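Raw coords.txt, compact mmCIF, C-alpha atoms and all ligand atoms:
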# COMPACT_ATOMS: atom_id res chain seq x y z
CA MET A 1 158.33 30.76 106.93
CA ALA A 2 158.25 34.56 106.62
CA ASN A 3 161.32 36.75 106.86
CA ILE A 4 161.25 39.19 109.76
CA ILE A 5 161.22 42.94 109.13
CA ASP A 6 163.47 43.95 112.02
CA GLY A 7 162.11 47.35 113.04
CA LYS A 8 164.37 47.54 116.07
CA ARG A 9 167.55 47.17 113.98
CA LEU A 10 166.33 49.60 111.31
CA ALA A 11 165.33 52.14 113.95
CA GLN A 12 168.77 51.89 115.57
CA GLN A 13 170.49 52.56 112.23
CA LEU A 14 168.23 55.54 111.57
CA THR A 15 168.74 56.84 115.11
CA ASP A 16 172.52 56.62 114.72
CA THR A 17 172.31 58.76 111.58
CA ILE A 18 169.98 61.28 113.24
CA THR A 19 172.28 61.45 116.28
CA LYS A 20 175.23 62.36 114.03
CA GLU A 21 173.11 64.96 112.18
CA THR A 22 172.02 66.41 115.53
CA ALA A 23 175.61 66.69 116.74
CA ASN A 24 176.50 68.57 113.54
CA TYR A 25 173.45 70.83 113.87
CA CYS A 26 174.34 71.58 117.51
CA LYS A 27 177.71 73.02 116.46
CA ARG A 28 175.81 76.14 115.33
CA TYR A 29 172.40 76.00 117.01
CA PRO A 30 170.88 75.08 120.39
CA ARG A 31 169.95 71.45 120.97
CA PRO A 32 166.58 70.65 119.32
CA CYS A 33 163.84 70.66 121.97
CA LEU A 34 160.63 68.63 121.97
CA THR A 35 157.89 69.26 124.54
CA ILE A 36 155.33 66.53 125.16
CA VAL A 37 151.93 67.56 126.51
CA SER A 38 150.54 64.64 128.52
CA SER A 39 147.06 64.54 130.07
CA GLY A 40 146.00 61.93 132.59
CA ALA A 41 147.91 58.86 133.70
CA ASP A 42 147.11 56.22 131.09
CA PRO A 43 149.83 53.59 131.88
CA ALA A 44 150.51 52.78 128.19
CA SER A 45 150.89 56.50 127.36
CA GLN A 46 153.33 56.93 130.25
CA ILE A 47 155.46 54.07 128.85
CA TYR A 48 155.42 55.61 125.33
CA ILE A 49 156.40 59.01 126.76
CA ARG A 50 159.32 57.54 128.73
CA THR A 51 160.50 55.69 125.60
CA LYS A 52 160.43 58.92 123.56
CA LEU A 53 162.22 60.91 126.29
CA ARG A 54 165.01 58.33 126.53
CA ALA A 55 165.41 58.30 122.74
CA LEU A 56 165.53 62.11 122.54
CA GLU A 57 168.18 62.38 125.26
CA ALA A 58 170.27 59.59 123.67
CA ALA A 59 170.15 61.41 120.32
CA GLY A 60 171.43 64.62 121.96
CA MET A 61 168.10 66.48 121.95
CA GLN A 62 166.28 68.25 124.79
CA SER A 63 162.95 66.99 126.02
CA ARG A 64 160.32 68.37 128.36
CA VAL A 65 156.99 67.04 129.58
CA ILE A 66 154.01 69.10 130.66
CA GLN A 67 151.95 66.71 132.76
CA LEU A 68 148.29 67.71 133.12
CA SER A 69 145.58 66.01 135.14
CA GLU A 70 142.95 63.58 133.85
CA GLN A 71 140.36 66.34 134.49
CA VAL A 72 142.12 68.96 132.35
CA CYS A 73 139.75 71.09 130.26
CA GLU A 74 140.17 72.23 126.67
CA ALA A 75 140.91 75.84 127.69
CA GLU A 76 143.78 74.75 129.94
CA ILE A 77 145.44 72.58 127.26
CA ALA A 78 144.86 75.37 124.73
CA ALA A 79 146.66 77.85 126.99
CA HIS A 80 149.68 75.52 127.32
CA ILE A 81 149.80 74.94 123.57
CA ALA A 82 149.55 78.69 122.86
CA ARG A 83 152.48 79.31 125.21
CA LEU A 84 154.57 76.54 123.62
CA ASN A 85 153.73 77.84 120.13
CA ARG A 86 155.26 81.22 121.17
CA ASP A 87 158.23 79.76 123.08
CA ASP A 88 161.39 80.29 121.04
CA ASP A 89 163.19 77.54 122.94
CA VAL A 90 160.68 74.90 121.81
CA ASP A 91 161.14 73.40 118.34
CA GLY A 92 158.53 70.65 118.46
CA ILE A 93 155.31 69.97 120.37
CA LEU A 94 153.69 66.59 120.69
CA VAL A 95 150.28 66.06 122.31
CA GLN A 96 150.26 62.51 123.69
CA LEU A 97 147.15 60.61 122.61
CA PRO A 98 144.63 59.43 123.60
CA LEU A 99 143.32 62.51 125.40
CA PRO A 100 141.00 61.96 128.37
CA SER A 101 137.32 61.98 127.48
CA PRO A 102 135.47 64.23 126.58
CA LEU A 103 138.39 66.16 125.03
CA GLU A 104 138.28 66.14 121.25
CA SER A 105 141.71 65.37 119.84
CA THR A 106 141.15 66.84 116.36
CA ARG A 107 140.25 70.27 117.78
CA ILE A 108 143.15 70.27 120.22
CA LEU A 109 145.77 69.01 117.76
CA ASP A 110 144.78 71.75 115.36
CA LEU A 111 145.83 74.37 117.93
CA LEU A 112 149.50 73.44 117.37
CA ASP A 113 151.70 75.70 115.29
CA PRO A 114 152.00 73.51 112.15
CA LYS A 115 155.73 74.27 112.06
CA LYS A 116 156.12 72.67 115.51
CA ASP A 117 153.68 69.81 114.86
CA VAL A 118 156.23 66.96 114.78
CA ASP A 119 153.46 64.33 114.71
CA GLY A 120 152.09 65.88 111.52
CA PHE A 121 148.49 65.73 112.79
CA THR A 122 147.33 69.33 112.21
CA ALA A 123 144.91 69.91 109.34
CA GLU A 124 147.63 71.90 107.57
CA ASN A 125 150.22 69.13 107.76
CA LEU A 126 147.75 66.38 106.83
CA GLY A 127 146.57 68.56 103.93
CA ARG A 128 150.15 69.07 102.77
CA LEU A 129 150.64 65.31 102.82
CA LEU A 130 147.58 64.84 100.59
CA THR A 131 148.68 67.52 98.15
CA GLY A 132 152.15 66.03 97.76
CA ALA A 133 154.08 68.71 99.67
CA PRO A 134 154.58 67.09 103.07
CA ARG A 135 156.25 68.95 105.93
CA PHE A 136 155.99 66.52 108.86
CA ILE A 137 154.92 63.02 107.88
CA PRO A 138 153.07 61.26 110.74
CA CYS A 139 155.64 59.07 112.50
CA THR A 140 154.03 55.62 112.33
CA PRO A 141 153.10 55.71 108.61
CA HIS A 142 156.52 57.23 107.88
CA GLY A 143 158.24 54.42 109.76
CA ILE A 144 156.26 51.83 107.77
CA MET A 145 157.21 53.42 104.42
CA TYR A 146 160.80 53.52 105.60
CA ALA A 147 160.75 49.79 106.43
CA LEU A 148 159.16 48.82 103.09
CA HIS A 149 161.83 50.81 101.29
CA ALA A 150 164.71 49.47 103.41
CA TYR A 151 163.65 45.87 102.78
CA HIS A 152 163.17 46.51 99.02
CA ILE A 153 159.53 45.45 99.16
CA PRO A 154 157.95 46.58 95.89
CA VAL A 155 155.24 49.17 96.46
CA ARG A 156 154.65 50.53 92.94
CA GLY A 157 151.75 48.64 91.39
CA ALA A 158 151.23 46.51 94.51
CA HIS A 159 147.77 46.12 96.04
CA ALA A 160 148.08 47.48 99.58
CA VAL A 161 145.23 46.79 101.97
CA VAL A 162 145.19 48.96 105.09
CA VAL A 163 142.85 47.83 107.88
CA GLY A 164 142.04 50.80 110.12
CA ARG A 165 141.31 54.37 108.99
CA SER A 166 142.40 56.57 111.89
CA ALA A 167 143.75 60.04 111.08
CA ILE A 168 147.05 59.14 112.77
CA VAL A 169 147.83 55.81 111.08
CA GLY A 170 145.47 54.38 108.45
CA LYS A 171 144.52 57.50 106.46
CA PRO A 172 148.00 59.07 106.20
CA LEU A 173 149.47 55.65 105.41
CA ALA A 174 146.92 55.19 102.60
CA ALA A 175 147.98 58.61 101.24
CA LEU A 176 151.69 57.71 101.36
CA LEU A 177 151.13 54.32 99.71
CA THR A 178 149.03 55.97 96.99
CA ALA A 179 151.76 58.55 96.41
CA ALA A 180 154.21 55.65 96.08
CA ASP A 181 152.00 54.21 93.30
CA ALA A 182 150.38 51.34 95.21
CA THR A 183 146.71 50.58 94.62
CA VAL A 184 145.20 51.06 98.07
CA THR A 185 142.10 49.65 99.73
CA LEU A 186 141.29 51.20 103.11
CA CYS A 187 139.14 49.01 105.38
CA HIS A 188 137.32 49.79 108.62
CA SER A 189 134.73 48.44 111.02
CA ASN A 190 131.93 48.61 108.43
CA THR A 191 133.88 46.85 105.71
CA ARG A 192 131.94 43.86 104.40
CA ASN A 193 133.75 40.55 104.03
CA LEU A 194 137.11 41.85 105.25
CA ALA A 195 138.84 38.50 104.62
CA ALA A 196 137.96 38.55 100.90
CA ILE A 197 139.71 41.93 100.62
CA THR A 198 142.75 41.19 102.80
CA ARG A 199 143.39 38.01 100.79
CA GLN A 200 144.01 40.20 97.73
CA ALA A 201 146.76 42.18 99.44
CA ASP A 202 150.37 42.11 98.32
CA ILE A 203 151.00 44.37 101.30
CA LEU A 204 148.63 43.95 104.25
CA ILE A 205 148.72 46.48 107.06
CA ALA A 206 146.72 46.02 110.26
CA ALA A 207 146.16 49.15 112.39
CA VAL A 208 143.08 48.35 114.43
CA GLY A 209 143.86 47.60 118.08
CA CYS A 210 142.24 44.15 118.14
CA PRO A 211 144.41 41.13 119.03
CA ALA A 212 144.60 38.43 116.33
CA LEU A 213 141.92 40.08 114.17
CA ILE A 214 143.98 39.12 111.13
CA THR A 215 144.30 35.36 110.95
CA GLY A 216 146.52 33.28 108.69
CA ASP A 217 143.70 32.45 106.27
CA MET A 218 143.06 36.17 105.70
CA MET A 219 146.26 36.66 103.69
CA LYS A 220 147.65 35.33 100.50
CA GLU A 221 150.78 33.24 100.32
CA GLY A 222 153.86 35.48 99.99
CA ALA A 223 152.24 38.71 101.22
CA THR A 224 154.08 41.37 103.22
CA VAL A 225 152.34 41.82 106.57
CA ILE A 226 152.83 44.95 108.67
CA ASP A 227 151.34 44.76 112.15
CA VAL A 228 150.81 48.18 113.73
CA GLY A 229 148.57 47.04 116.58
CA ILE A 230 149.77 47.20 120.18
CA ASN A 231 147.53 45.23 122.51
CA ARG A 232 148.17 44.08 126.07
CA VAL A 233 146.76 40.61 126.68
CA ALA A 234 146.73 38.46 129.81
CA ASP A 235 149.55 35.93 130.04
CA PRO A 236 150.16 34.30 133.42
CA ALA A 237 153.66 33.28 132.26
CA ALA A 238 154.67 36.91 131.47
CA PRO A 239 156.53 39.00 134.11
CA HIS A 240 153.55 41.29 134.92
CA GLY A 241 150.85 38.83 133.86
CA LYS A 242 150.51 40.63 130.51
CA ARG A 243 152.30 40.63 127.18
CA LEU A 244 152.17 42.72 124.02
CA VAL A 245 150.62 41.36 120.85
CA GLY A 246 149.66 42.96 117.56
CA ASP A 247 146.52 42.73 115.45
CA VAL A 248 147.87 39.77 113.49
CA ASP A 249 147.99 36.13 114.57
CA PHE A 250 151.77 36.09 114.23
CA GLU A 251 152.45 32.33 114.10
CA ALA A 252 149.78 31.61 111.49
CA ALA A 253 150.71 34.69 109.44
CA ALA A 254 154.43 33.89 109.53
CA ALA A 255 153.66 30.51 107.98
CA ARG A 256 152.06 32.18 104.92
CA ALA A 257 153.66 35.59 104.52
CA ALA A 258 156.97 36.38 102.82
CA TRP A 259 157.71 39.29 105.17
CA ILE A 260 156.26 40.19 108.55
CA THR A 261 156.84 42.71 111.35
CA PRO A 262 156.92 41.34 114.91
CA VAL A 263 155.20 42.95 117.91
CA PRO A 264 157.11 44.18 119.80
CA GLY A 265 160.18 45.12 117.75
CA GLY A 266 158.47 46.03 114.47
CA VAL A 267 156.64 49.29 113.81
CA GLY A 268 156.96 50.70 117.38
CA PRO A 269 160.72 51.45 117.36
CA LEU A 270 160.44 52.99 113.88
CA THR A 271 157.72 55.34 115.15
CA VAL A 272 160.06 56.57 117.90
CA ALA A 273 162.94 57.04 115.42
CA MET A 274 160.64 59.18 113.26
CA VAL A 275 159.80 61.38 116.28
CA LEU A 276 163.54 62.10 116.53
CA ARG A 277 163.77 62.74 112.82
CA ASN A 278 160.81 65.14 112.85
CA THR A 279 162.12 66.97 115.94
CA LEU A 280 165.48 67.61 114.29
CA TYR A 281 163.66 68.67 111.12
CA ALA A 282 161.46 71.09 113.10
CA ALA A 283 164.56 72.70 114.60
CA GLN A 284 166.24 72.92 111.20
CA LEU A 285 163.09 74.50 109.71
CA ARG A 286 162.90 77.13 112.46
CA HIS A 287 166.54 78.08 112.00
CA GLY A 288 166.30 78.12 108.23
CA CYS A 289 168.88 75.40 107.76
CA THR A 290 166.91 72.49 106.32
CA PRO A 291 169.20 70.04 104.60
CA ALA A 292 168.77 69.68 100.85
CA LYS A 293 168.18 65.99 101.51
CA ASN A 294 166.20 64.71 104.41
CA THR A 295 167.65 61.38 105.58
CA ALA A 296 164.56 59.47 106.54
CA SER A 297 162.20 60.79 103.88
CA GLU A 298 164.73 60.30 101.12
CA ALA A 299 165.33 56.78 102.28
CA ALA A 300 161.60 56.08 102.52
CA GLY A 301 160.97 57.46 99.07
CA CYS A 302 158.51 59.99 100.55
P1 LIG A 401 141.79 53.84 116.28
O1 LIG A 401 141.01 53.20 117.37
O2 LIG A 401 141.82 55.30 116.16
O3 LIG A 401 141.31 53.24 114.88
C1 LIG A 401 141.04 51.89 114.73
C2 LIG A 401 140.55 51.63 113.35
O4 LIG A 401 140.27 50.23 113.23
C3 LIG A 401 139.26 52.37 112.99
O5 LIG A 401 139.35 52.90 111.69
C4 LIG A 401 138.19 51.28 113.06
O6 LIG A 401 137.13 51.47 112.16
C5 LIG A 401 138.98 50.08 112.65
N1 LIG A 401 138.38 48.83 113.13
C6 LIG A 401 137.91 48.56 114.35
N2 LIG A 401 137.44 47.30 114.41
C7 LIG A 401 137.57 46.78 113.18
C8 LIG A 401 137.25 45.54 112.60
N3 LIG A 401 136.69 44.55 113.30
N4 LIG A 401 137.52 45.33 111.29
C9 LIG A 401 138.11 46.32 110.56
N5 LIG A 401 138.44 47.53 111.05
C10 LIG A 401 138.19 47.75 112.35
O7 LIG A 401 143.27 53.23 116.44
P2 LIG A 401 144.71 53.80 116.01
O8 LIG A 401 144.79 53.96 114.54
O9 LIG A 401 145.07 54.94 116.86
O10 LIG A 401 145.63 52.58 116.46
C11 LIG A 401 145.42 51.29 115.95
C12 LIG A 401 146.36 50.32 116.66
O11 LIG A 401 147.70 50.70 116.37
C13 LIG A 401 146.25 50.34 118.19
O12 LIG A 401 146.53 49.03 118.68
C14 LIG A 401 147.36 51.27 118.61
O13 LIG A 401 147.83 50.99 119.92
C15 LIG A 401 148.40 50.92 117.59
N6 LIG A 401 149.37 51.98 117.33
C16 LIG A 401 150.67 51.59 117.25
C17 LIG A 401 151.64 52.49 116.97
C18 LIG A 401 153.03 52.02 116.85
O14 LIG A 401 153.96 52.82 116.88
N7 LIG A 401 153.26 50.71 116.68
C19 LIG A 401 151.35 53.92 116.80
C20 LIG A 401 149.92 54.24 116.80
C21 LIG A 401 148.99 53.28 117.08
P3 LIG A 401 136.08 52.73 112.25
O15 LIG A 401 136.83 53.88 111.68
O16 LIG A 401 134.95 52.30 111.41
O17 LIG A 401 135.77 52.88 113.71

How does this structure look as structure tokens?
Amino acid sequence: MANIIDGKRLAQQLTDTITKETANYCKRYPRPCLTIVSSGADPASQIYIRTKLRALEAAGMQSRVIQLSEQVCEAEIAAHIARLNRDDDVDGILVQLPLPSPLESTRILDLLDPKKDVDGFTAENLGRLLTGAPRFIPCTPHGIMYALHAYHIPVRGAHAVVVGRSAIVGKPLAALLTAADATVTLCHSNTRNLAAITRQADILIAAVGCPALITGDMMKEGATVIDVGINRVADPAAPHGKRLVGDVDFEAAAARAAWITPVPGGVGPLTVAMVLRNTLYAAQLRHGCTPAKNTASEAAGC
């Protein structure tokens, strides 16, 4: 039976450290401030935003939300982002994804001042990640690297298979794993014979958004399995008739893997902790007081 990678516990430890660092920082500077730009009323996005706001407040940071309608146009979002880029009271800006159709997220994300881009999704920050000089590491991949490091799971020389190649999870994660000396295979919807590839993985990461896509027979005995997926599936026994599951068939995978992240309580809380970490870092950058060592990145070996 696999050991559980307890993302909730790790995230709490990291948050405690960030909270102390924030309190120290606030002795000389204003509280770090993150503004979230939200468009539309996607229920899942609203839950993620509330979770981030609660975490920011608890860590002693300021948070604001600009709520725009589902019908918002590119020019309107662009005007808000331009204003936030200029606003000296704002350290970090986060555009909540997904954006309502037909808005194009890549174009809009690239309007952010890269020094306030706490998600690390602008072309500049993604480029810096690829060239080995990261500024803001995207929060979910960063949280995963942090967990691998914290649980002493060997990455150097390991074969890491990442299923899902989005610009926010799969691609930056593949870059981080490569930088940490893993041999990386990046799979997607056109990958032929996915199971034959996933079975080779020492570290198997699923970031697709498809419940139980990864079954027990798709992994080798003793693998480390990181489940990024967040899917709401019907469950009459659950309080609201729905429950959260990942992309991995947890029971079957836990019987074969050596390490596994649960959903919920795995990658999600680490993502939120990294939002805090990047917000504090953005504030430190703007005030020219970046610490010589950066808690989370040092600990994640990034
Ligand atoms: P995207 O929809 O942007 O990307 C999904 C990826 O999965 C694409 O690369 C797609 O391939 C690939 N894919 C789709 N179907 C298959 C298949 N059958 N076999 C192999 N690959 C497939 O999703 P995101 O990266 O934004 O998110 C992925 C999941 O992670 C979602 O459930 C999301 O909710 C969750 N998530 C969780 C976070 C957390 O903190 N835990 C944070 C961010 C996301 P192609 O490129 O060819 O279309």

- request: Could you check which of A:Asn24, A:Thr290, A:Asn278, A:Ser45 is closest to Gly92 (chain A), using only C-alpha atoms?
  value: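 The shortest atom-to-atom distance to Gly92 (chain A) comes from A:Asn278.
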
Report as a tab-separated table the residues of region 59-156 of chain A within 10 Å of region 169-172 of chain A, each with its shortest atom pair and distance in Å (one decimal), using all atoms listed in the file, ordered by chain and increasing residue number.
residue	atom	partner	partner_atom	distance
A:Gly120	CA	A:Pro172	CA	9.6
A:Phe121	CA	A:Pro172	CA	9.4
A:Leu126	CA	A:Pro172	CA	7.3
A:Gly127	CA	A:Pro172	CA	9.9
A:Leu129	CA	A:Pro172	CA	7.6
A:Leu130	CA	A:Pro172	CA	8.1
A:Ile137	CA	A:Pro172	CA	8.1
A:Pro138	CA	A:Pro172	CA	7.1
A:Cys139	CA	A:Val169	CA	8.6
A:Thr140	CA	A:Val169	CA	6.3
A:Pro141	CA	A:Val169	CA	5.8
A:His142	CA	A:Pro172	CA	8.9
A:Ile144	CA	A:Val169	CA	9.9

Please write out the residues within 8 Å of ligand LIG 401 (chain A) as a compact mmCIF listing (two decimals) with C-alpha atoms, in the frame of the given file, counting all atoms listed in the file.
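result.txt written:
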# COMPACT_ATOMS: atom_id res chain seq x y z
CA CYS A 139 155.64 59.07 112.50
CA THR A 140 154.03 55.62 112.33
CA VAL A 163 142.85 47.83 107.88
CA GLY A 164 142.04 50.80 110.12
CA ARG A 165 141.31 54.37 108.99
CA SER A 166 142.40 56.57 111.89
CA ALA A 167 143.75 60.04 111.08
CA ILE A 168 147.05 59.14 112.77
CA VAL A 169 147.83 55.81 111.08
CA GLY A 170 145.47 54.38 108.45
CA CYS A 187 139.14 49.01 105.38
CA HIS A 188 137.32 49.79 108.62
CA SER A 189 134.73 48.44 111.02
CA ASN A 190 131.93 48.61 108.43
CA THR A 191 133.88 46.85 105.71
CA LEU A 194 137.11 41.85 105.25
CA ALA A 206 146.72 46.02 110.26
CA ALA A 207 146.16 49.15 112.39
CA VAL A 208 143.08 48.35 114.43
CA GLY A 209 143.86 47.60 118.08
CA CYS A 210 142.24 44.15 118.14
CA LEU A 213 141.92 40.08 114.17
CA ASP A 227 151.34 44.76 112.15
CA VAL A 228 150.81 48.18 113.73
CA GLY A 229 148.57 47.04 116.58
CA ILE A 230 149.77 47.20 120.18
CA ASN A 231 147.53 45.23 122.51
CA GLY A 246 149.66 42.96 117.56
CA ASP A 247 146.52 42.73 115.45
CA GLY A 266 158.47 46.03 114.47
CA VAL A 267 156.64 49.29 113.81
CA GLY A 268 156.96 50.70 117.38
CA PRO A 269 160.72 51.45 117.36
CA LEU A 270 160.44 52.99 113.88
CA THR A 271 157.72 55.34 115.15
CA VAL A 272 160.06 56.57 117.90

Original post:
Within 12 Å of Ala44 (chain A), counting only C-alpha atoms, which residues qualify if same-chain residues fewer than 6 places away don't, as a ChimeraX atom specification?
Top reply: /A:38,50-51,96-98,230-232,244

Within 12 Å of Thr17 (chain A), counting all atoms listed in the file, which residues qualify if same-chain residues fewer than 3 places away don't, as a ChimeraX atom specification? /A:10-14,20-24,59-60,273-274,276-277,280,294-296,299

Which residues, protein or nucleic acid, reach to within 12 Å of (152.3, 73.2, 115.2) in the file's coordinates when using all atoms listed in the file, and can you give that as number ranges by chain?
A: 34-35, 81-87, 90-95, 108-126, 135-136, 278-279, 282, 286

Can those selected residues be exported to a file as a compact mmCIF listing (two decimals), in the frame of the given file so that it contains C-alpha atoms?
# COMPACT_ATOMS: atom_id res chain seq x y z
CA LEU A 34 160.63 68.63 121.97
CA THR A 35 157.89 69.26 124.54
CA ILE A 81 149.80 74.94 123.57
CA ALA A 82 149.55 78.69 122.86
CA ARG A 83 152.48 79.31 125.21
CA LEU A 84 154.57 76.54 123.62
CA ASN A 85 153.73 77.84 120.13
CA ARG A 86 155.26 81.22 121.17
CA ASP A 87 158.23 79.76 123.08
CA VAL A 90 160.68 74.90 121.81
CA ASP A 91 161.14 73.40 118.34
CA GLY A 92 158.53 70.65 118.46
CA ILE A 93 155.31 69.97 120.37
CA LEU A 94 153.69 66.59 120.69
CA VAL A 95 150.28 66.06 122.31
CA ILE A 108 143.15 70.27 120.22
CA LEU A 109 145.77 69.01 117.76
CA ASP A 110 144.78 71.75 115.36
CA LEU A 111 145.83 74.37 117.93
CA LEU A 112 149.50 73.44 117.37
CA ASP A 113 151.70 75.70 115.29
CA PRO A 114 152.00 73.51 112.15
CA LYS A 115 155.73 74.27 112.06
CA LYS A 116 156.12 72.67 115.51
CA ASP A 117 153.68 69.81 114.86
CA VAL A 118 156.23 66.96 114.78
CA ASP A 119 153.46 64.33 114.71
CA GLY A 120 152.09 65.88 111.52
CA PHE A 121 148.49 65.73 112.79
CA THR A 122 147.33 69.33 112.21
CA ALA A 123 144.91 69.91 109.34
CA GLU A 124 147.63 71.90 107.57
CA ASN A 125 150.22 69.13 107.76
CA LEU A 126 147.75 66.38 106.83
CA ARG A 135 156.25 68.95 105.93
CA PHE A 136 155.99 66.52 108.86
CA ASN A 278 160.81 65.14 112.85
CA THR A 279 162.12 66.97 115.94
CA ALA A 282 161.46 71.09 113.10
CA ARG A 286 162.90 77.13 112.46

One residue among A:Ala195, A:Ala158, A:Ile5, A:Ala147 is nearest to Trp259 (chain A) when using only C-alpha atoms, and that residue is A:Ile5

Quick one: residues within 12 Å of Ala196 (chain A), all atoms listed in the file, excluding same-chain residues fewer than 2 positions away - as a list in words? Val161, Thr185, Cys187, Thr191, Arg192, Asn193, Leu194, Thr198, Arg199, Gln200, Ala201, Ile214, Asp217, Met218, Met219 and Lys220 of chain A

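CA of Asp88 (chain A) is positioned 14.3 Å from CA of Ser63 (chain A).
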
Min atom-atom distance to Asn3 (chain A) from the set A:Tyr151, A:Asp181, A:Val245, A:Asp235, counting all atoms listed in the file, belongs to A:Tyr151

As a check of understanding: the span from CA of Arg107 (chain A) to CA of Ala78 (chain A) is 9.8 Å

In Å to one decimal, how far is CA of Val162 (chain A) from CA of Thr261 (chain A)?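 One can read the CA of Thr261 (chain A) to CA of Val162 (chain A) distance as 14.6 Å.
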
Could you check the closest approach to Lys52 (chain A) for each of A:Pro262, A:His159, A:Val275, A:Phe250 and tell me which residue wins, using only C-alpha atoms?
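Looking only at the distances to Lys52 (chain A), the closest residue turns out to be A:Val275.
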
Exercise. Can you work out which one of A:Ala174, A:Ile77, A:Val155, A:Leu103 has the shortest atom-to-atom distance to Ile203 (chain A), counting only C-alpha atoms?
Key: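 Selected residue with least distance to Ile203 (chain A): A:Val155.
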
Exercise. From the list A:Ser105, A:Gln46, A:Thr178, A:Thr183, which residue is nearest Thr131 (chain A) when using all atoms listed in the file?
Worked result: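 For Thr131 (chain A), the nearest of the given residues is A:Thr178.
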